[in-house]
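Source file: input18.txt; contents: compact mmCIF, C-alpha atoms.
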```
# COMPACT_ATOMS: atom_id res chain seq x y z
CA MET A 1 -21.72 29.15 -0.87
CA PRO A 2 -22.68 26.31 1.54
CA GLY A 3 -20.11 23.56 1.84
CA GLY A 4 -17.53 25.26 -0.34
CA SER A 5 -15.95 28.46 -1.57
CA ILE A 6 -16.74 30.62 -4.59
CA TYR A 7 -12.99 30.92 -5.10
CA VAL A 8 -12.36 27.15 -5.27
CA THR A 9 -13.28 25.19 -8.40
CA PRO A 10 -14.53 21.60 -8.06
CA VAL A 11 -11.20 20.31 -9.39
CA ASP A 12 -9.39 21.96 -6.49
CA GLN A 13 -11.34 19.86 -4.01
CA VAL A 14 -8.73 17.11 -4.37
CA HIS A 15 -5.98 19.45 -3.16
CA GLY A 16 -4.65 18.51 0.23
CA LEU A 17 -5.53 14.84 -0.18
CA SER A 18 -2.77 12.27 -0.12
CA PRO A 19 -1.89 10.51 -3.41
CA GLN A 20 -3.19 7.27 -1.89
CA VAL A 21 -6.62 8.73 -1.11
CA MET A 22 -6.82 10.35 -4.54
CA TYR A 23 -5.91 7.03 -6.18
CA GLU A 24 -8.72 5.23 -4.33
CA GLN A 25 -11.23 7.95 -5.15
CA PHE A 26 -10.38 7.86 -8.86
CA TRP A 27 -10.55 4.06 -8.80
CA ILE A 28 -14.10 4.20 -7.45
CA LYS A 29 -15.15 6.89 -9.93
CA GLU A 30 -13.87 4.78 -12.84
CA VAL A 31 -15.96 1.73 -11.95
CA VAL A 32 -18.69 2.46 -14.52
CA HIS A 33 -16.14 3.13 -17.27
CA ARG A 34 -14.26 -0.10 -16.50
CA ARG A 35 -17.51 -2.07 -16.68
CA LYS A 36 -18.34 -0.58 -20.07
CA VAL A 37 -14.90 -1.42 -21.42
CA ARG A 38 -15.19 -4.94 -19.99
CA ALA A 39 -18.57 -5.39 -21.69
CA VAL A 40 -17.04 -4.41 -25.05
CA LYS A 41 -14.20 -6.87 -24.54
CA ALA A 42 -16.67 -9.59 -23.55
CA ALA A 43 -18.69 -8.92 -26.70
CA LEU A 44 -15.56 -9.30 -28.80
CA GLY A 45 -14.80 -12.55 -26.99
CA LEU A 46 -18.30 -13.75 -27.76
CA VAL A 47 -17.89 -12.91 -31.46
CA VAL A 48 -14.56 -14.73 -31.62
CA GLY A 49 -16.07 -17.72 -29.83
CA VAL A 50 -18.96 -17.90 -32.29
CA ALA A 51 -16.61 -17.60 -35.25
CA LEU A 52 -14.44 -20.42 -33.91
CA ALA A 53 -17.52 -22.54 -33.29
CA TYR A 54 -18.64 -22.23 -36.94
CA ARG A 55 -15.09 -22.82 -38.10
CA PHE A 56 -14.76 -26.13 -36.23
CA GLY A 57 -18.37 -27.24 -36.30
CA LEU A 58 -19.08 -26.72 -32.61
CA SER A 59 -22.01 -25.14 -30.76
CA PRO A 60 -21.89 -21.35 -31.37
CA VAL A 61 -24.02 -20.65 -28.28
CA ILE A 62 -21.79 -22.54 -25.87
CA LEU A 63 -18.46 -21.44 -27.37
CA GLY A 64 -19.64 -17.85 -27.76
CA LEU A 65 -20.75 -17.60 -24.15
CA LEU A 66 -17.58 -19.31 -23.01
CA GLY A 67 -15.44 -16.86 -24.99
CA GLY A 68 -17.27 -13.85 -23.57
CA LEU A 69 -17.08 -15.13 -20.00
CA LEU A 70 -13.37 -15.96 -20.27
CA VAL A 71 -12.53 -12.52 -21.62
CA ALA A 72 -14.65 -10.72 -19.03
CA GLY A 73 -13.28 -12.86 -16.20
CA GLY A 74 -9.69 -12.39 -17.32
CA ASP A 75 -10.12 -8.64 -17.59
CA ALA A 76 -11.71 -8.43 -14.13
CA TYR A 77 -8.91 -10.53 -12.61
CA TRP A 78 -6.14 -8.49 -14.25
CA THR A 79 -7.74 -5.19 -13.21
CA TRP A 80 -8.08 -6.36 -9.61
CA ARG A 81 -4.47 -7.58 -9.55
CA GLN A 82 -3.29 -4.13 -10.61
CA TYR A 83 -5.33 -2.52 -7.84
CA ASP A 84 -4.30 -5.07 -5.22
CA ALA A 85 -0.63 -4.47 -6.09
CA THR A 86 -0.99 -0.99 -4.60
CA ALA A 87 -2.42 -2.23 -1.27
CA VAL A 88 0.81 -1.69 0.68
CA TRP A 89 1.37 1.75 -0.80
CA ARG A 90 -2.23 2.65 0.07
CA GLY A 91 -1.70 1.49 3.65
CA ARG A 92 -4.23 -1.35 3.39
CA ARG A 93 -1.68 -4.11 3.93
CA ARG A 94 1.73 -4.39 5.58
CA GLY A 95 4.65 -5.18 3.30
CA GLU A 96 6.65 -6.95 6.01
CA THR A 97 3.73 -9.31 6.66
CA ILE A 98 3.45 -10.26 3.00
CA THR A 99 7.19 -10.79 2.53
CA GLY A 100 7.60 -12.56 5.85
CA LYS A 101 5.00 -15.19 4.95
CA LEU A 102 6.63 -15.79 1.57
CA LEU A 103 10.09 -16.17 3.09
CA ARG A 104 8.94 -18.58 5.80
CA ARG A 105 6.96 -20.71 3.37
CA LYS A 106 9.72 -21.00 0.77
CA LEU A 107 12.92 -21.02 2.84
CA ARG A 108 12.38 -22.60 6.25
CA ARG A 109 12.08 -26.15 4.94
CA GLU A 110 15.48 -25.74 3.26
CA GLY A 111 17.35 -24.84 6.42
CA TYR A 112 17.03 -21.05 6.41
CA ARG A 113 16.23 -19.07 9.54
CA ILE A 114 14.16 -15.89 9.27
CA LEU A 115 14.28 -13.30 12.03
CA GLU A 116 11.73 -10.51 11.85
CA GLY A 117 12.26 -6.85 12.70
CA ARG A 118 15.84 -6.80 14.01
CA ALA A 119 18.11 -3.87 14.73
CA ILE A 120 21.43 -3.01 16.31
CA PRO A 121 20.61 -0.97 19.41
CA GLY A 122 20.79 2.70 18.52
CA LYS A 123 20.77 2.09 14.78
CA ALA A 124 18.21 1.51 12.03
CA SER A 125 16.25 -1.73 11.82
CA VAL A 126 15.53 -4.16 9.00
CA ASP A 127 12.30 -6.03 8.39
CA HIS A 128 13.81 -9.49 7.82
CA LEU A 129 17.17 -11.11 8.52
CA VAL A 130 17.64 -14.34 6.58
CA ILE A 131 20.36 -16.79 7.62
CA GLY A 132 20.93 -20.03 5.77
CA PRO A 133 23.37 -22.40 4.10
CA GLY A 134 23.93 -19.95 1.26
CA GLY A 135 24.71 -16.87 3.33
CA VAL A 136 23.02 -13.99 5.13
CA TRP A 137 20.62 -11.39 3.72
CA VAL A 138 18.71 -8.42 5.05
CA VAL A 139 15.36 -7.77 3.40
CA ASP A 140 13.54 -4.48 3.74
CA ASN A 141 10.13 -3.54 2.33
CA GLU A 142 9.36 -0.40 0.37
CA ALA A 143 6.23 0.80 -1.40
CA TRP A 144 6.06 3.32 -4.23
CA ASP A 145 3.14 4.62 -6.22
CA PRO A 146 2.13 2.65 -9.35
CA ASP A 147 3.72 5.14 -11.75
CA THR A 148 7.19 5.09 -10.16
CA GLU A 149 9.64 3.37 -12.50
CA ILE A 150 12.40 1.55 -10.64
CA ALA A 151 15.43 1.16 -12.88
CA ARG A 152 19.19 1.32 -13.21
CA TYR A 153 20.85 3.77 -15.57
CA GLY A 154 24.59 3.41 -15.71
CA ASP A 155 25.65 2.71 -12.15
CA ARG A 156 22.86 4.75 -10.58
CA LEU A 157 19.58 3.64 -9.08
CA PHE A 158 16.53 5.67 -10.07
CA LEU A 159 13.16 5.74 -8.33
CA GLY A 160 11.03 7.56 -10.82
CA GLU A 161 12.83 10.80 -11.63
CA LYS A 162 14.80 10.78 -8.38
CA TYR A 163 18.10 9.18 -7.48
CA GLY A 164 17.77 6.16 -5.19
CA THR A 165 21.16 6.72 -3.57
CA LYS A 166 19.74 7.69 -0.18
CA VAL A 167 17.57 4.58 0.01
CA ALA A 168 20.40 2.32 -1.15
CA LYS A 169 23.05 3.76 1.16
CA ALA A 170 20.84 3.50 4.23
CA LEU A 171 20.26 -0.22 3.70
CA VAL A 172 23.86 -0.94 2.72
CA ASP A 173 25.06 0.75 5.91
CA VAL A 174 22.67 -1.31 8.03
CA ALA A 175 23.77 -4.52 6.31
CA ASP A 176 27.44 -3.69 6.90
CA SER A 177 26.78 -2.89 10.57
CA LEU A 178 24.85 -6.11 11.08
CA ALA A 179 27.61 -8.11 9.35
CA GLU A 180 30.21 -6.55 11.65
CA VAL A 181 28.24 -7.41 14.77
CA LEU A 182 27.46 -10.97 13.69
CA SER A 183 31.05 -11.63 12.65
CA ARG A 184 32.41 -10.31 15.94
CA GLU A 185 29.92 -12.06 18.20
CA SER A 186 29.84 -15.43 16.41
CA GLY A 187 33.44 -15.69 15.26
CA ILE A 188 32.22 -16.53 11.74
CA PRO A 189 33.14 -14.08 8.96
CA VAL A 190 29.87 -12.81 7.51
CA THR A 191 28.98 -10.68 4.51
CA ILE A 192 25.36 -9.59 4.26
CA GLU A 193 23.59 -8.84 1.00
CA PRO A 194 20.86 -6.16 1.22
CA LEU A 195 17.59 -6.71 -0.65
CA ILE A 196 14.44 -4.60 -0.99
CA ALA A 197 11.06 -6.21 -1.56
CA VAL A 198 9.19 -3.79 -3.81
CA HIS A 199 5.46 -3.35 -3.25
CA GLY A 200 4.06 -1.28 -6.11
CA GLY A 201 5.92 0.75 -8.69
CA GLU A 202 7.12 -0.45 -12.09
CA ILE A 203 10.00 -2.90 -11.97
CA ARG A 204 11.21 -5.61 -14.33
CA ARG A 205 11.80 -8.64 -12.12
CA SER A 206 14.93 -7.31 -10.39
CA VAL A 207 17.19 -4.26 -10.39
CA THR A 208 20.69 -4.28 -8.89
CA ALA A 209 22.43 -0.95 -8.37
CA GLU A 210 24.44 0.95 -5.76
CA GLY A 211 24.97 -2.13 -3.59
CA ILE A 212 21.38 -3.34 -3.29
CA THR A 213 18.93 -5.48 -5.25
CA LEU A 214 15.27 -4.57 -5.59
CA LEU A 215 12.69 -7.15 -6.65
CA LYS A 216 9.08 -8.23 -6.23
CA PRO A 217 8.29 -9.98 -2.91
CA ARG A 218 7.48 -13.30 -4.59
CA LEU A 219 10.98 -13.37 -6.14
CA VAL A 220 13.00 -12.72 -2.99
CA ALA A 221 13.21 -16.36 -1.82
CA ARG A 222 14.17 -17.52 -5.32
CA TRP A 223 16.92 -14.90 -5.49
CA ILE A 224 18.31 -16.07 -2.14
CA LYS A 225 18.30 -19.75 -3.13
CA GLN A 226 19.75 -19.36 -6.61
CA GLY A 227 22.72 -17.20 -5.64
CA PRO A 228 24.57 -18.56 -2.58
CA ARG A 229 27.14 -16.14 -1.19
CA ALA A 230 28.61 -18.54 1.38
CA ASP A 231 28.70 -22.21 2.33
CA PHE A 232 27.58 -22.56 5.94
CA ASP A 233 26.94 -25.94 7.52
CA GLU A 234 24.01 -26.61 9.83
CA ALA A 235 25.99 -25.81 12.96
CA GLN A 236 27.16 -22.46 11.61
CA VAL A 237 23.63 -21.52 10.57
CA GLU A 238 22.39 -22.38 14.05
CA LEU A 239 25.18 -20.38 15.70
CA LEU A 240 24.57 -17.32 13.53
CA ALA A 241 20.81 -17.47 14.14
CA ARG A 242 21.24 -17.78 17.91
CA THR A 243 23.79 -14.98 17.91
CA ALA A 244 21.52 -12.71 15.93
CA ALA A 245 18.57 -13.47 18.21
CA ARG A 246 20.73 -12.65 21.24
CA VAL A 247 22.50 -9.45 20.19
CA LEU A 248 20.04 -7.81 17.81
CA ARG A 249 17.14 -5.97 19.37
CA ARG A 250 13.70 -7.12 18.30
CA MET A 251 11.47 -4.30 17.10
CA SER A 252 7.93 -4.13 18.45
```
Using structure tokens, write down the structure from this file.
Amino acid sequence: MPGGSIYVTPVDQVHGLSPQVMYEQFWIKEVVHRRKVRAVKAALGLVVGVALAYRFGLSPVILGLLGGLLVAGGDAYWTWRQYDATAVWRGRRRGETITGKLLRRKLRREGYRILEGRAIPGKASVDHLVIGPGGVWVVDNEAWDPDTEIARYGDRLFLGEKYGTKVAKALVDVADSLAEVLSRESGIPVTIEPLIAVHGGEIRRSVTAEGITLLKPRLVARWIKQGPRADFDEAQVELLARTAARVLRRMS
């Protein structure tokens, strides 16, 4: 059997592919179906627009077309947003790049310093170290598949059907190690709060469990600003930032 095996059914051809590749393949295969569904929605929008036009004495042609276009455009935008939300998980974009831009844009003007890719020599690294008037935070980036529910049940963190203890403990340990080094080298007592910017997966705004907080990238800066953990003046922020830049190894 050229190009295949008599013992392998067509369905088995997806075996061995990564979930990301399978997701993209199914997305492409569903294009025709999505267009049909969008056309039905647009038709309903057109009908509603015409009905509203007759109800308020307006032009049924203009309002009908406007209703159909708005519905179709909204559906296309929402569908693309769902697909784009998986870009980091699919390896098409880098989570640290997305989060880094958001942090710099929203925090720098308010006196926060953002150091990218820092690590204690011989230990794990973090994607972002944020130092500002309200305290110090480490921000890491993680990507899960679209069906992974990120939630807290009791005191435990769950990532889908699995415990998130391993993920949480690793980041908490890094935050504690960084706090110890910064406190010792700067002479300023520091406590560091660990955060994870979530790219993909199902999460309701934020989830705090097992010592860490997980939230969407666009909400990280707001979380940092609305919940100060310290009260550093400008000189202390500068000292902590310079100390961190000096003693923490920059990752390539």
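Shortest atom-to-atom contact with Leu248 (chain A) among A:Lys166, A:Arg104, A:Arg118, A:Arg93: A:Arg118, counting all atoms listed in the file.
Closest approach to Val47 (chain A) among A:Val136, A:Ile62, A:Ile98, A:Ile203: A:Ile62, based on only C-alpha atoms.
What separates CA of Arg108 (chain A) from CA of Lys225 (chain A) is a distance of 11.5 Å.
Coordinates place CA of Ala143 (chain A) at a distance of 4.6 Å from CA of His199 (chain A).
In this comparison, which uses all atoms listed in the file, the residue of A:Gly187, A:Gly164, A:Gly122, A:Gly227 approaching Val207 (chain A) most closely is A:Gly164.
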Considering all atoms listed in the file, give me a table of residues in region 167-244 of chain A that are at most 6 Å from region 145-152 of chain A, with the closest atom pair and distance in Å for each, as a Markdown table.
```
| residue | atom | partner | partner_atom | distance |
| --- | --- | --- | --- | --- |
| A:Gly200 | CA | A:Pro146 | CA | 5.4 |
| A:Gly201 | CA | A:Pro146 | CA | 4.3 |
| A:Glu202 | CA | A:Glu149 | CA | 4.6 |
| A:Ile203 | CA | A:Ile150 | CA | 5.2 |
```
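The interatomic distance for the pair CA of Trp137 (chain A) and CA of Glu193 (chain A) works out to 4.8 Å.
Ranking A:Arg156, A:Arg222, A:Lys216, A:Lys123 by their shortest atom-to-atom distance to Ser177 (chain A), with all atoms listed in the file included, puts A:Lys123 first.
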Centre, edges in Å (one decimal): axis-aligned box, region 219-238 of chain A, 8 Å padding on all six sides, as JSON:
```
{"center_x": 19.8, "center_y": -19.7, "center_z": 3.7, "size_x": 33.7, "size_y": 29.9, "size_z": 36.7}
```
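Nearest to Pro217 (chain A) of all the residues A:Glu238, A:Glu142, A:Glu24, A:Glu110 is A:Glu142, based on all atoms listed in the file.
Distances here use all atoms listed in the file; by that measure, the residue among A:Arg92, A:His128, A:Arg218, A:Arg184 closest to Thr243 (chain A) is A:Arg184.
With only C-alpha atoms taken into account, every residue lying no more than 12 Å from the file point (-6.2, 0.0, -11.2) is included here: Tyr23, Glu24, Gln25, Phe26, Trp27, Ile28, Lys29, Glu30, Val31, Arg34, Asp75, Ala76, Tyr77, Trp78, Thr79, Trp80, Arg81, Gln82, Tyr83, Asp84, Ala85, Thr86, Ala87, Asp145, Pro146, Asp147 and Gly200 of chain A.
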### Query
So which residues are close to (25.2, -16.0, -1.0), meaning at most 9 Å away in the file's coordinates with all atoms listed in the file counted, and can you show them as a ChimeraX atom specification?
/A:132-137,191-193,224-231
